[in-house]
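Peer 1: Contents are TSV, C-alpha atoms and all ligand atoms; file name model_11.tsv:
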chain	number	residue	atom	x	y	z
M	471	MET	CA	0.00	0.00	0.00
M	472	SER	CA	1.33	3.41	-0.85
M	473	PHE	CA	1.57	6.27	1.63
M	474	PRO	CA	-2.01	7.49	2.15
M	475	LEU	CA	-1.60	11.27	2.45
M	476	ALA	CA	-1.23	14.03	-0.14
M	477	GLY	CA	1.76	16.34	0.33
M	478	ASN	CA	3.66	15.97	3.63
M	479	GLU	CA	6.63	14.55	1.71
M	480	ARG	CA	9.09	14.68	4.59
M	481	VAL	CA	6.77	12.70	6.82
M	482	ARG	CA	6.18	10.24	3.99
M	483	ASP	CA	9.89	9.71	3.37
M	484	ALA	CA	10.78	9.31	7.04
M	485	LEU	CA	7.96	6.92	7.88
M	486	THR	CA	8.16	4.76	4.78
M	487	ALA	CA	11.93	4.40	5.36
M	488	ALA	CA	11.32	3.43	9.00
M	489	ILE	CA	8.67	0.88	8.00
M	490	ALA	CA	10.86	-0.61	5.26
M	491	ALA	CA	13.74	-0.98	7.73
M	492	ASP	CA	11.37	-2.56	10.31
M	493	ARG	CA	12.12	0.29	12.66
M	494	ILE	CA	8.70	1.71	13.46
M	495	PRO	CA	9.27	4.00	16.47
M	496	HIS	CA	7.90	2.87	19.84
M	497	ALA	CA	5.95	6.09	20.21
M	498	VAL	CA	4.70	8.38	17.45
M	499	LEU	CA	2.89	11.64	18.10
M	500	ILE	CA	0.83	12.65	15.07
M	501	TYR	CA	-0.39	16.21	15.34
M	502	GLY	CA	-2.04	18.76	13.08
M	503	GLU	CA	-5.36	20.51	12.58
M	504	LYS	CA	-8.49	18.42	12.10
M	505	GLY	CA	-8.79	17.21	8.50
M	506	THR	CA	-5.06	16.85	7.78
M	507	GLY	CA	-5.13	13.05	7.76
M	508	ARG	CA	-4.00	12.22	11.30
M	509	HIS	CA	-6.35	9.24	11.64
M	510	THR	CA	-5.59	8.03	8.12
M	511	LEU	CA	-1.89	8.06	8.95
M	512	ALA	CA	-2.49	6.33	12.30
M	513	ARG	CA	-4.39	3.53	10.53
M	514	PHE	CA	-1.62	3.19	7.95
M	515	LEU	CA	1.05	2.97	10.65
M	516	SER	CA	-0.92	0.52	12.75
M	517	ARG	CA	-1.45	-1.74	9.75
M	518	ALA	CA	2.26	-1.57	8.97
M	519	ALA	CA	2.97	-2.57	12.58
M	520	VAL	CA	0.79	-5.70	12.50
M	521	CYS	CA	1.27	-6.68	8.82
M	522	GLY	CA	2.48	-10.21	8.21
M	523	GLY	CA	3.13	-9.75	4.47
M	524	GLU	CA	5.88	-8.42	2.25
M	525	ASN	CA	6.30	-4.63	2.05
M	526	PRO	CA	4.14	-3.67	5.02
M	527	PRO	CA	1.42	-2.62	5.10
M	528	CYS	CA	0.64	-5.03	2.26
M	529	GLY	CA	-3.11	-4.41	2.58
M	530	VAL	CA	-4.01	-8.06	1.83
M	531	CYS	CA	-2.68	-10.20	4.69
M	532	ARG	CA	-4.92	-11.22	7.59
M	533	GLY	CA	-3.27	-8.71	9.91
M	534	CYS	CA	-3.83	-5.81	7.51
M	535	ARG	CA	-7.44	-6.81	6.85
M	536	LEU	CA	-8.29	-7.21	10.53
M	537	ALA	CA	-6.65	-3.88	11.36
M	538	GLU	CA	-8.55	-2.20	8.51
M	539	SER	CA	-11.87	-3.49	9.79
M	540	GLY	CA	-11.06	-2.44	13.35
M	541	ALA	CA	-11.05	-6.06	14.56
M	542	HIS	CA	-7.34	-6.76	15.08
M	543	PRO	CA	-6.76	-7.98	18.65
M	544	ASP	CA	-3.38	-6.23	18.79
M	545	VAL	CA	-4.62	-2.79	17.71
M	546	ILE	CA	-6.25	-1.03	20.65
M	547	THR	CA	-7.71	2.47	20.43
M	548	ALA	CA	-8.36	4.68	23.45
M	549	LEU	CA	-10.82	7.57	23.16
M	550	PRO	CA	-12.54	9.64	25.84
M	551	GLU	CA	-15.22	7.31	27.28
M	552	ALA	CA	-18.90	7.94	26.47
M	553	GLY	CA	-20.12	11.19	27.97
M	554	LYS	CA	-16.60	12.27	28.98
M	555	LYS	CA	-14.34	14.85	27.39
M	556	ASN	CA	-11.03	13.43	28.57
M	557	ILE	CA	-9.05	10.23	28.35
M	558	SER	CA	-8.84	9.37	32.03
M	559	VAL	CA	-5.92	8.26	34.14
M	560	SER	CA	-7.63	4.91	34.74
M	561	GLN	CA	-7.84	4.32	30.96
M	562	ILE	CA	-4.12	5.03	30.70
M	563	ARG	CA	-3.36	2.69	33.62
M	564	ARG	CA	-5.29	-0.08	31.84
M	565	ILE	CA	-3.31	0.57	28.66
M	566	ARG	CA	-0.12	0.48	30.64
M	567	SER	CA	-0.80	-2.97	32.00
M	568	GLU	CA	-2.07	-4.15	28.59
M	569	ALA	CA	1.21	-3.00	27.05
M	570	TYR	CA	3.04	-5.77	28.94
M	571	VAL	CA	0.75	-8.48	27.56
M	572	LYS	CA	2.27	-10.39	24.65
M	573	PRO	CA	0.77	-9.74	21.21
M	574	HIS	CA	-2.04	-12.15	20.28
M	575	MET	CA	-1.21	-12.65	16.62
M	576	ALA	CA	1.11	-9.93	15.30
M	577	ASP	CA	4.71	-9.14	16.25
M	578	ARG	CA	3.59	-5.99	18.00
M	579	ARG	CA	0.70	-4.45	19.86
M	580	VAL	CA	-0.42	-0.99	18.81
M	581	PHE	CA	-2.08	1.47	21.17
M	582	ILE	CA	-3.70	4.44	19.46
M	583	ILE	CA	-4.44	7.26	21.89
M	584	ASP	CA	-6.94	9.36	19.96
M	585	GLY	CA	-7.42	12.79	21.46
M	586	ALA	CA	-4.16	12.58	23.42
M	587	GLY	CA	-4.45	16.29	24.12
M	588	THR	CA	-7.47	15.62	26.34
M	589	MET	CA	-5.35	13.76	28.92
M	590	ASN	CA	-4.78	15.75	32.10
M	591	ALA	CA	-1.31	15.97	33.62
M	592	GLU	CA	-1.93	12.95	35.85
M	593	ALA	CA	-2.94	10.78	32.87
M	594	GLN	CA	0.00	12.03	30.82
M	595	ASN	CA	2.41	11.25	33.66
M	596	ALA	CA	0.92	7.77	33.90
M	597	LEU	CA	1.56	7.31	30.19
M	598	LEU	CA	5.05	8.74	30.52
M	599	LYS	CA	6.05	5.83	32.75
M	600	VAL	CA	5.50	3.33	29.97
M	601	LEU	CA	6.88	5.65	27.27
M	602	GLU	CA	10.14	5.88	29.22
M	603	GLU	CA	10.66	2.13	29.15
M	604	PRO	CA	8.37	0.77	26.48
M	605	PRO	CA	8.11	-3.01	26.06
M	606	GLY	CA	9.91	-3.98	22.82
M	607	SER	CA	6.79	-5.19	21.09
M	608	VAL	CA	4.65	-2.09	21.55
M	609	VAL	CA	3.90	0.94	19.36
M	610	PHE	CA	2.07	3.93	20.82
M	611	ILE	CA	0.41	6.30	18.38
M	612	LEU	CA	-0.76	9.55	19.96
M	613	ILE	CA	-3.12	11.78	17.97
M	614	ALA	CA	-3.42	15.44	18.95
M	615	GLU	CA	-4.18	18.81	17.38
M	616	SER	CA	-0.97	20.37	18.64
M	617	ALA	CA	2.16	19.19	20.42
M	618	ALA	CA	1.60	22.04	22.88
M	619	GLU	CA	-1.37	20.11	24.30
M	620	LEU	CA	1.05	17.58	25.78
M	621	LEU	CA	3.71	17.78	28.47
M	622	ASP	CA	7.20	18.37	27.08
M	623	THR	CA	8.31	15.18	28.78
M	624	VAL	CA	5.71	13.18	26.80
M	625	VAL	CA	6.54	14.90	23.50
M	626	SER	CA	10.26	14.29	23.97
M	627	ARG	CA	9.63	10.52	24.26
M	628	CYS	CA	7.78	10.45	20.92
M	629	THR	CA	8.77	10.72	17.29
M	630	ALA	CA	6.74	13.84	16.48
M	631	VAL	CA	5.01	13.93	13.11
M	632	SER	CA	3.44	17.25	12.13
M	633	LEU	CA	0.81	17.14	9.36
M	634	VAL	CA	-0.11	20.16	7.29
M	635	PRO	CA	-2.59	20.70	4.43
M	636	PRO	CA	-0.91	20.04	1.07
M	637	GLU	CA	-0.78	22.45	-1.88
M	638	ILE	CA	-4.26	22.94	-3.34
M	639	SER	CA	-3.26	21.24	-6.60
M	640	GLU	CA	-2.03	18.14	-4.72
M	641	ALA	CA	-5.12	18.11	-2.53
M	642	ALA	CA	-7.37	18.44	-5.60
M	643	GLU	CA	-5.61	15.56	-7.32
M	644	TYR	CA	-6.04	13.44	-4.18
M	645	ILE	CA	-9.78	14.15	-3.79
M	646	GLY	CA	-10.33	13.66	-7.54
M	647	ARG	CA	-8.63	10.26	-7.35
M	648	THR	CA	-10.40	9.05	-4.22
M	649	SER	CA	-13.96	10.40	-4.64
M	650	ASP	CA	-16.68	11.02	-7.23
M	651	TYR	CA	-16.72	14.82	-6.89
M	652	GLY	CA	-16.12	16.95	-9.99
M	653	GLY	CA	-13.03	19.13	-10.49
M	654	PRO	CA	-14.47	22.68	-10.21
M	655	ARG	CA	-16.35	21.83	-6.99
M	656	ILE	CA	-13.22	20.28	-5.50
M	657	ILE	CA	-11.14	23.38	-6.20
M	658	SER	CA	-13.85	25.67	-4.85
M	659	ALA	CA	-14.10	23.61	-1.61
M	660	LEU	CA	-10.32	23.48	-1.20
M	661	GLU	CA	-10.01	27.23	-1.72
M	662	GLN	CA	-12.49	27.73	1.11
M	663	THR	CA	-10.57	25.39	3.44
M	664	GLY	CA	-7.01	26.42	2.56
M	665	GLY	CA	-6.22	22.97	1.15
M	666	ASN	CA	-7.49	21.07	4.21
M	667	ILE	CA	-8.73	17.84	2.62
M	668	GLY	CA	-10.93	16.65	5.50
M	669	ALA	CA	-12.68	20.01	5.80
M	670	ALA	CA	-13.11	20.19	1.99
M	671	LEU	CA	-14.66	16.71	1.94
M	672	GLU	CA	-17.08	17.78	4.67
M	673	LEU	CA	-18.02	20.86	2.62
M	674	LEU	CA	-18.44	18.77	-0.52
M	675	SER	CA	-20.68	16.20	1.15
M	676	GLY	CA	-22.61	18.96	2.97
M	677	GLY	CA	-23.05	20.75	-0.38
M	678	SER	CA	-24.27	17.54	-2.01
M	679	ALA	CA	-26.74	16.90	0.80
M	680	ALA	CA	-28.06	20.49	0.59
M	681	ALA	CA	-28.45	20.30	-3.20
M	682	ARG	CA	-30.17	16.92	-2.91
M	683	SER	CA	-32.68	18.14	-0.35
M	684	ALA	CA	-33.37	21.33	-2.34
M	685	ALA	CA	-33.85	19.28	-5.52
M	686	GLU	CA	-36.31	16.99	-3.72
M	687	ARG	CA	-38.32	19.98	-2.49
M	688	PHE	CA	-38.31	21.53	-5.99
M	689	ALA	CA	-39.39	18.26	-7.61
M	690	ALA	CA	-42.32	18.02	-5.20
M	691	TYR	CA	-43.69	21.25	-6.74
M	692	LEU	CA	-43.39	20.07	-10.34
M	693	LEU	CA	-46.89	18.71	-10.68
M	694	ALA	CA	-48.45	21.38	-8.46
M	695	PRO	CA	-46.26	24.40	-9.18
M	696	ASP	CA	-45.80	27.27	-6.79
M	697	GLU	CA	-43.46	29.66	-8.57
M	698	ALA	CA	-42.68	31.77	-5.51
M	699	GLU	CA	-41.64	28.71	-3.48
M	700	MET	CA	-39.62	27.30	-6.37
M	701	LEU	CA	-37.73	30.58	-6.78
M	702	LYS	CA	-37.01	30.57	-3.05
M	703	ILE	CA	-35.47	27.11	-3.39
M	704	THR	CA	-33.28	28.00	-6.36
M	705	ALA	CA	-32.12	31.37	-4.93
M	706	ARG	CA	-29.25	29.83	-2.98
M	707	PHE	CA	-27.78	28.24	-6.13
M	708	GLU	CA	-27.56	31.52	-8.05
M	709	LYS	CA	-24.25	32.46	-6.50
M	710	SER	CA	-22.00	29.80	-7.94
M	711	ARG	CA	-21.92	27.96	-11.23
M	712	THR	CA	-20.62	24.79	-9.59
M	713	GLU	CA	-23.44	24.86	-7.01
M	714	ALA	CA	-25.99	25.51	-9.76
M	715	ASP	CA	-24.62	22.57	-11.73
M	716	LEU	CA	-24.85	20.36	-8.65
M	717	PHE	CA	-28.49	21.36	-8.07
M	718	LEU	CA	-29.43	20.64	-11.70
M	719	LYS	CA	-27.77	17.22	-11.53
M	720	GLU	CA	-29.61	16.33	-8.32
M	721	LEU	CA	-32.85	17.64	-9.80
M	722	LYS	CA	-32.43	15.40	-12.85
M	723	LEU	CA	-32.06	12.40	-10.55
M	724	CYS	CA	-35.19	13.39	-8.61
M	725	VAL	CA	-37.23	13.97	-11.77
M	726	ALA	CA	-36.15	10.62	-13.22
M	727	ARG	CA	-37.12	8.89	-9.97
M	728	GLU	CA	-40.46	10.66	-9.86
M	729	ALA	CA	-41.20	9.78	-13.51
M	730	ARG	CA	-40.49	6.09	-12.78
M	731	LYS	CA	-42.77	6.19	-9.74
M	732	ARG	CA	-45.59	7.66	-11.79
M	733	ALA	CA	-45.16	5.44	-14.82
M	734	SER	CA	-48.81	4.34	-14.59
M	735	ASP	CA	-50.02	7.97	-14.73
M	736	VAL	CA	-49.07	8.58	-18.35
M	737	ALA	CA	-49.88	12.30	-18.40
M	738	ALA	CA	-47.76	13.04	-15.31
M	739	ALA	CA	-44.90	10.81	-16.46
M	740	LYS	CA	-44.85	12.56	-19.86
M	741	LYS	CA	-44.60	15.98	-18.22
M	742	LEU	CA	-41.75	14.83	-16.03
M	743	ILE	CA	-39.86	13.26	-18.91
M	744	SER	CA	-40.22	16.42	-20.97
M	745	PHE	CA	-38.92	18.46	-18.03
M	746	TYR	CA	-35.99	16.06	-17.69
M	747	GLY	CA	-35.03	16.87	-21.28
M	748	GLU	CA	-35.26	20.59	-20.47
M	749	LEU	CA	-32.91	20.10	-17.54
M	750	SER	CA	-30.21	18.74	-19.83
M	751	ARG	CA	-30.52	21.91	-21.91
M	752	PHE	CA	-30.25	24.06	-18.78
M	753	GLU	CA	-27.10	22.15	-17.82
M	754	GLU	CA	-25.66	22.91	-21.24
M	755	SER	CA	-26.43	26.60	-20.89
M	756	LEU	CA	-24.45	26.67	-17.64
M	757	LYS	CA	-21.34	26.13	-19.72
M	758	ILE	CA	-21.84	29.43	-21.50
M	759	ASN	CA	-21.67	32.65	-19.56
M	760	ILE	CA	-25.35	32.80	-18.67
M	761	ASN	CA	-26.70	34.90	-15.80
M	762	LEU	CA	-27.66	32.37	-13.10
M	763	SER	CA	-30.69	34.33	-11.83
M	764	LEU	CA	-32.09	34.40	-15.36
M	765	LEU	CA	-31.36	30.72	-15.79
M	766	PHE	CA	-33.29	29.79	-12.66
M	767	CYS	CA	-36.17	32.14	-13.57
M	768	ALA	CA	-36.42	30.38	-16.90
M	769	LEU	CA	-36.25	26.99	-15.18
M	770	VAL	CA	-39.10	27.88	-12.82
M	771	CYS	CA	-41.15	29.20	-15.79
M	772	ARG	CA	-40.63	25.95	-17.61
M	773	ALA	CA	-41.59	23.98	-14.52
M	774	ALA	CA	-44.73	26.11	-14.02
M	775	GLY	CA	-45.59	25.72	-17.71
M	776	LEU	CA	-45.49	21.93	-17.43
M	777	ASN	CA	-49.08	21.83	-16.27
M	778	GLN	CA	-50.29	23.83	-19.21
M	779	ILE	CA	-48.99	21.26	-21.70
U	801	ZN	ZN	-0.26	-6.95	5.49
Can you dump the structure from the file as structure tokens?

Peer 2:
Amino acid sequence: MSFPLAGNERVRDALTAAIAADRIPHAVLIYGEKGTGRHTLARFLSRAAVCGGENPPCGVCRGCRLAESGAHPDVITALPEAGKKNISVSQIRRIRSEAYVKPHMADRRVFIIDGAGTMNAEAQNALLKVLEEPPGSVVFILIAESAAELLDTVVSRCTAVSLVPPEISEAAEYIGRTSDYGGPRIISALEQTGGNIGAALELLSGGSAAARSAAERFAAYLLAPDEAEMLKITARFEKSRTEADLFLKELKLCVAREARKRASDVAAAKKLISFYGELSRFEESLKININLSLLFCALVCRAAGLNQI
């Protein structure tokens, strides 16, 4: 499996060299803002630590597959317990005693401490004891937003890995390769998040969900038009061509679904199919420099006119 993050070349080079030399550090602190790939990197490292194949993490051996599905007995994750904000000292004490138990099936046991910055000083000092003299077969992976959240003594016992958002072009290539989103939307989301891939993906999926729900509401008016309501729905998509395109695509899906549902009502199905054809033309006109308010006005007129056919 190749290194899973965009950009961050220094981190990539150092960690892939350590993995290839079978020298995964006993304690790694991965820190960076939310959305920079900290959990993705932690999963990659933990798979490498328990992989039984060639070129770890191979991604296909039993160890890799169990780790990927979250079921590997030697990969243990600690998070703040339900209803709590912090990883408690008693959780850390349990981890500490677990760390001296032999691995069940891999060569190592991996302890991921997710939200390491939530540990209070007492919990961090409890962890420090095992970081100072870690059992040979253990890897600790601490995930935090900033190294400053942790005691210097803890940080100094870890190999610190700082993650940063990649260049926008690298981030765009990464999202394009790993998702179904279209290029212009990806760039627009990344520009809003300064290249932060996680935040851009949240924006993209939020945008898709908003467009989908707006399209569903619009489609509900097609056979009983209310022009004022329809214009209200489309107003939010007048600001950006990529958002307008997204709305039209979602609307096409809704209209096609609705037409299938009403196949037995020939008159209604015909109207919907004719409107579907119109939508393709509206999509085409988005490619030329058309005024988006005018485009949506025309769309609503066409929708309202459906019932006069
Ligand atoms: Zn493997």

Peer 1: Could the residues that lie within 9 Å of ligand ZN 801 (chain U), counting all atoms listed in the file, be listed as a list of chain:residue names?

Peer 2: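 Based on all atoms listed in the file, ligand ZN 801 (chain U) is surrounded within 9 Å by M:Met471, M:Arg517, M:Ala518, M:Ala519, M:Val520, M:Cys521, M:Gly522, M:Gly523, M:Glu524, M:Asn525, M:Pro526, M:Pro527, M:Cys528, M:Gly529, M:Val530, M:Cys531, M:Arg532, M:Gly533, M:Cys534, M:Arg535.
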
Peer 1: Counting only C-alpha atoms, which of M:Glu538, M:Glu551, M:Asp715, M:Glu615 gets nearest to M:Leu749?

Peer 2: M:Asp715

Peer 1: For the atom pair atom CA of M:Ile703 and atom CA of M:Ala684, what is the interatomic distance in Å to one decimal place?

Peer 2: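 So the two atoms, atom CA of M:Ile703 and atom CA of M:Ala684, lie 6.2 Å apart.
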
Peer 1: Near stretch 565-569 of chain M, counting all atoms listed in the file, which residues have an atom at most 9 Å away, once you skip same-chain residues fewer than 4 positions from it, shown as a PDB file with C-alpha atoms, in the frame of the given file?

Peer 2:
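Result went into result07.pdb, see below:
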ATOM      1  CA  ILE M 546      -6.250  -1.030  20.650  1.00  0.00           C
ATOM      2  CA  ALA M 548      -8.360   4.680  23.450  1.00  0.00           C
ATOM      3  CA  SER M 560      -7.630   4.910  34.740  1.00  0.00           C
ATOM      4  CA  GLN M 561      -7.840   4.320  30.960  1.00  0.00           C
ATOM      5  CA  PRO M 573       0.770  -9.740  21.210  1.00  0.00           C
ATOM      6  CA  ARG M 579       0.700  -4.450  19.860  1.00  0.00           C
ATOM      7  CA  VAL M 580      -0.420  -0.990  18.810  1.00  0.00           C
ATOM      8  CA  PHE M 581      -2.080   1.470  21.170  1.00  0.00           C
ATOM      9  CA  ALA M 596       0.920   7.770  33.900  1.00  0.00           C
ATOM     10  CA  LEU M 597       1.560   7.310  30.190  1.00  0.00           C
ATOM     11  CA  LYS M 599       6.050   5.830  32.750  1.00  0.00           C
ATOM     12  CA  VAL M 600       5.500   3.330  29.970  1.00  0.00           C
ATOM     13  CA  PRO M 604       8.370   0.770  26.480  1.00  0.00           C
ATOM     14  CA  PRO M 605       8.110  -3.010  26.060  1.00  0.00           C
ATOM     15  CA  SER M 607       6.790  -5.190  21.090  1.00  0.00           C
ATOM     16  CA  VAL M 608       4.650  -2.090  21.550  1.00  0.00           C
TER      17      VAL M 608
END

Peer 1: Compare M:Ala576, M:Val625, M:Ala714, M:Ala739 by their minimum atom-to-atom distance to M:Ile760, counting all atoms listed in the file, and give me the closest one.

Peer 2: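 Nearest candidate to M:Ile760 out of M:Ala576, M:Val625, M:Ala714, M:Ala739: M:Ala714.
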
Peer 1: Let me make sure I understand: among M:Arg513, M:Gly505, M:Val559, M:Ala773, which one has the smallest atom-to-atom distance to M:Pro695 if we use only C-alpha atoms?

Peer 2: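 Looking at the shortest contact to M:Pro695, the residue is M:Ala773.
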
Peer 1: Can you measure atom CA of M:Ser683 to atom CA of M:Lys740 for me? One decimal in Å is fine.

Peer 2: 23.7 Å

Peer 1: Grab the atom CA of M:Ile758 to atom CA of M:Met700 distance for me, in Å with one decimal place.

Peer 2: 23.4 Å

Peer 1: Using only C-alpha atoms, which of M:Ala679, M:Ala642, M:Leu718, M:Ala670 sits nearest M:Ala476?

Peer 2: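 Of all the options, M:Ala642 lies closest to M:Ala476.
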
Peer 1: Which is closest to M:Arg706 among M:Ser763, M:Asn478, M:Ser632, M:Ser750, if we use all atoms listed in the file?

Peer 2: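 Answer, going by the shortest atom-to-atom distance: M:Ser763.
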
Peer 1: Tell me which protein, DNA and RNA residues are within 10 Å of M:Pro654, counting all atoms listed in the file, leaving out same-chain ones fewer than 2 positions away, and put them as a list in words.

Peer 2: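 Non-adjacent residues within range: Ala642, Tyr651, Gly652, Ile656, Ile657, Ser658, Ala659, Leu660, Arg711, Thr712 and Glu713 of chain M.
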
Peer 1: What lies within 12 Å of M:Leu765 using only C-alpha atoms, ignoring chain neighbours under 4 positions off, as a list of chain:residue names?

Peer 2: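 These residues fall inside the cut-off: M:Leu701, M:Thr704, M:Ala705, M:Phe707, M:Glu708, M:Lys709, M:Arg711, M:Ala714, M:Asp715, M:Leu718, M:Glu748, M:Leu749, M:Arg751, M:Phe752, M:Glu753, M:Glu754, M:Ser755, M:Leu756, M:Lys757, M:Ile758, M:Asn759, M:Ile760, M:Asn761, M:Leu769, M:Val770, M:Cys771, M:Arg772.
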
Peer 1: Starting from the point (7.3, 9.8, 19.2), work out which residues of protein, DNA or RNA have an atom no more than 6 Å away when counting only C-alpha atoms; state them as a list in words.

Peer 2: Ala497, Val498, Leu499, Arg627, Cys628, Thr629 and Ala630 of chain M

Peer 1: Taking into account only C-alpha atoms, which residue in the set M:Ala552, M:Leu776, M:Leu742, M:Ala591 is nearest to M:Glu619?

Peer 2: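 Comparing M:Ala552, M:Leu776, M:Leu742, M:Ala591 against M:Glu619, the winner is M:Ala591.
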